[in-house]
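Colleague: What follows is a structure written as structure tokens; I'll ask about it next.
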Amino acid sequence: MGLMKEEPTTVLSAEQLQRFQTEGSIAVPDFLSEAEVESLRSSCYKLVDEMDPRVHTPTSFSTVGQEQVEKHSSLNKIGHALHWLVPEFKKVSFSDKMKATARQLGFISPAVVQSMYIFKQPGIGGEVLPHKDCTFLSTKPQSCIGFWFALEDVTVENGCLWYSPGSHKTPTERRFIRNPDKNGDLLIFEGQADPFDESKYLPLPVDKGTLVLINGQVDHKSAKNTSPKSRHIYTFHVIERHNTAWDPRNWLQPTPEMPFTGLYENCP
Ligand code: FE2
């Protein structure tokens, strides 16, 4: 008989889980090993190296067709299927500890719906305005949780996350959807913008390797990178499928080429 590989069952402490319920966001230090961080960084560096800026959305580059070194310092982000298409990202995203974390968060049949690598380069990495992720990734009932990984030390200066503790208890009607009016813009916002109170936001500076969990209903934002250092992060979003409906109007819809990928049933 073969040995069954046991999943670690406890990643988050009782205190971390409690805090996540109360505040809507927590930092879990040392979640990724140094080797995992390096594998994601070097895999992404290779992807960018092999990318031809004349083919891949030239608007993402400030200087099209110049030396390769330009690409590494001018790219803002890569999305949205790294977790599925790039082996190093797949390995981390579907690891046993990721599954165990999702179980502790109460997911019964979670799926990863999108992923991104964000560079937030010095001088380029702009501000992300306050929002709730469920505006973009809505389910009924809301179930989205963002998994966000610091691949470098993240500070107030290089544009850390800021969040409003407890704001996940206030739902939003704001949605980013495919425009039913085919004559208008492809994607539009619907519903009132949420009220924004600057004074309620706390910064969340974290060390390299830290996992930040972000409830889909928590108000968060990030500032411009005003430092000379980049702020590389990897992030993906998980939603519940059990007794939960994906909003058919969401801008993001699964396709045969890019399905929503079950977290528990897929292997690294
Ligand atoms: Fe977000």
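We name chains A, B, ... following the order of the structure tokens; residues begin at 1 in each chain, and ligands are numbered from 1 as shown.
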To check your reading of the model: which residues sit at most 9 Å from ligand 1 when counting only C-alpha atoms and all ligand atoms? Write the answer as number ranges by chain.

Modeller: A: 128-134, 136, 146, 214, 216, 218-222

Colleague: May I have the residues within 6 Å of Gly159 in chain A as a list in words, using only C-alpha atoms and disregarding those fewer than 5 positions away in the same chain?

Modeller: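 That gives Ser222, Ala223, Lys224 and Asn225 of chain A.
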
Colleague: I'd like to know which of A:Thr255, A:Asn243, A:Thr261, A:Asn266 is closest to Pro141 in chain A, using only C-alpha atoms.

Modeller: A:Asn243

Colleague: From range 69-205 of chain A, collect each residue whose DSSP state is strand (DSSP E or B) and return the set as a PyMOL selection string.

Modeller: chain A and resi 77-80+110-118+128-131+139-140+145-150+154+161-163+175-178+187-190+202-204

Colleague: Taking C-alpha atoms for each residue, export the selection above as a PDB file, in the first residue's frame.

Modeller:
```pdb
ATOM      1  CA  LYS A  77       1.087  43.354 -14.367  1.00  0.00           C
ATOM      2  CA  ILE A  78       0.580  39.934 -15.949  1.00  0.00           C
ATOM      3  CA  GLY A  79      -2.766  38.123 -15.770  1.00  0.00           C
ATOM      4  CA  HIS A  80      -5.057  36.240 -15.487  1.00  0.00           C
ATOM      5  CA  PRO A 110     -13.518  26.455  -3.957  1.00  0.00           C
ATOM      6  CA  ALA A 111     -12.346  27.485  -7.414  1.00  0.00           C
ATOM      7  CA  VAL A 112      -9.520  29.777  -8.443  1.00  0.00           C
ATOM      8  CA  VAL A 113     -11.030  32.247 -10.904  1.00  0.00           C
ATOM      9  CA  GLN A 114      -8.101  34.474 -11.822  1.00  0.00           C
ATOM     10  CA  SER A 115      -4.513  35.288 -10.918  1.00  0.00           C
ATOM     11  CA  MET A 116      -2.138  38.182 -11.426  1.00  0.00           C
ATOM     12  CA  TYR A 117       1.491  39.117 -10.940  1.00  0.00           C
ATOM     13  CA  ILE A 118       1.768  42.786 -10.065  1.00  0.00           C
ATOM     14  CA  VAL A 128      -5.316  51.429  -6.717  1.00  0.00           C
ATOM     15  CA  LEU A 129      -8.466  53.231  -5.658  1.00  0.00           C
ATOM     16  CA  PRO A 130     -10.608  51.941  -2.755  1.00  0.00           C
ATOM     17  CA  HIS A 131     -12.801  49.004  -3.758  1.00  0.00           C
ATOM     18  CA  THR A 139     -21.252  35.480  -6.222  1.00  0.00           C
ATOM     19  CA  LYS A 140     -24.552  34.916  -4.471  1.00  0.00           C
ATOM     20  CA  ILE A 145     -11.425  35.747  -0.876  1.00  0.00           C
ATOM     21  CA  GLY A 146      -8.235  37.211  -2.292  1.00  0.00           C
ATOM     22  CA  PHE A 147      -4.947  35.379  -1.635  1.00  0.00           C
ATOM     23  CA  TRP A 148      -2.124  37.906  -1.969  1.00  0.00           C
ATOM     24  CA  PHE A 149       1.569  37.011  -1.632  1.00  0.00           C
ATOM     25  CA  ALA A 150       4.434  39.399  -0.990  1.00  0.00           C
ATOM     26  CA  VAL A 154       6.154  45.471   1.073  1.00  0.00           C
ATOM     27  CA  LEU A 161      -2.201  47.434   0.918  1.00  0.00           C
ATOM     28  CA  TRP A 162      -4.437  49.591   3.089  1.00  0.00           C
ATOM     29  CA  TYR A 163      -7.736  48.228   4.370  1.00  0.00           C
ATOM     30  CA  ARG A 175     -20.711  45.838  -9.790  1.00  0.00           C
ATOM     31  CA  PHE A 176     -18.275  45.764 -12.691  1.00  0.00           C
ATOM     32  CA  ILE A 177     -20.178  43.993 -15.446  1.00  0.00           C
ATOM     33  CA  ARG A 178     -20.393  43.258 -19.147  1.00  0.00           C
ATOM     34  CA  LEU A 187     -17.470  46.820 -19.436  1.00  0.00           C
ATOM     35  CA  ILE A 188     -19.201  49.219 -17.084  1.00  0.00           C
ATOM     36  CA  PHE A 189     -19.743  49.939 -13.408  1.00  0.00           C
ATOM     37  CA  GLU A 190     -23.257  49.621 -12.093  1.00  0.00           C
ATOM     38  CA  LEU A 202      -4.862  50.996   8.092  1.00  0.00           C
ATOM     39  CA  PRO A 203      -1.642  50.168   6.222  1.00  0.00           C
ATOM     40  CA  LEU A 204      -0.558  46.535   5.975  1.00  0.00           C
TER      41      LEU A 204
END
```

Colleague: Go through A:Phe94, A:Phe196, A:Tyr234, A:Trp251 and flag the residue nearest Pro180 in chain A, using only C-alpha atoms for the distances.

Modeller: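 Residue with the minimum atom-to-atom distance to Pro180 in chain A: A:Trp251.
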
Colleague: Extract, using only C-alpha atoms, all DNA, RNA and protein residues at most 12 Å from Ile108 in chain A, discarding same-chain residues fewer than 4 positions from it, and format them as JSON, numbers by chain.

Modeller: {"A": [99, 100, 101, 102, 103, 104, 143, 238, 239, 240, 241, 242, 243, 244, 262, 263, 264, 265]}

Colleague: Contacts of Glu38 in chain A at 12 Å or less, counting only C-alpha atoms, minus same-chain residues fewer than 2 places along, as a list in words?

Modeller: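 The residues that qualify are Leu32, Ser33, Glu34, Ala35, Glu36, Leu40, Arg41, Ser42, Ser43, Cys44, Tyr45, Glu88, Phe89, Val92, Ala150, Leu151, Glu152, Lys208, Gly209, His232, Ile233 and Tyr234 of chain A.
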
Colleague: For Gln21 in chain A, which residue among A:Gln192, A:Gln217, A:Ser93, A:Asn76 is the nearest when counting only C-alpha atoms?

Modeller: A:Gln217
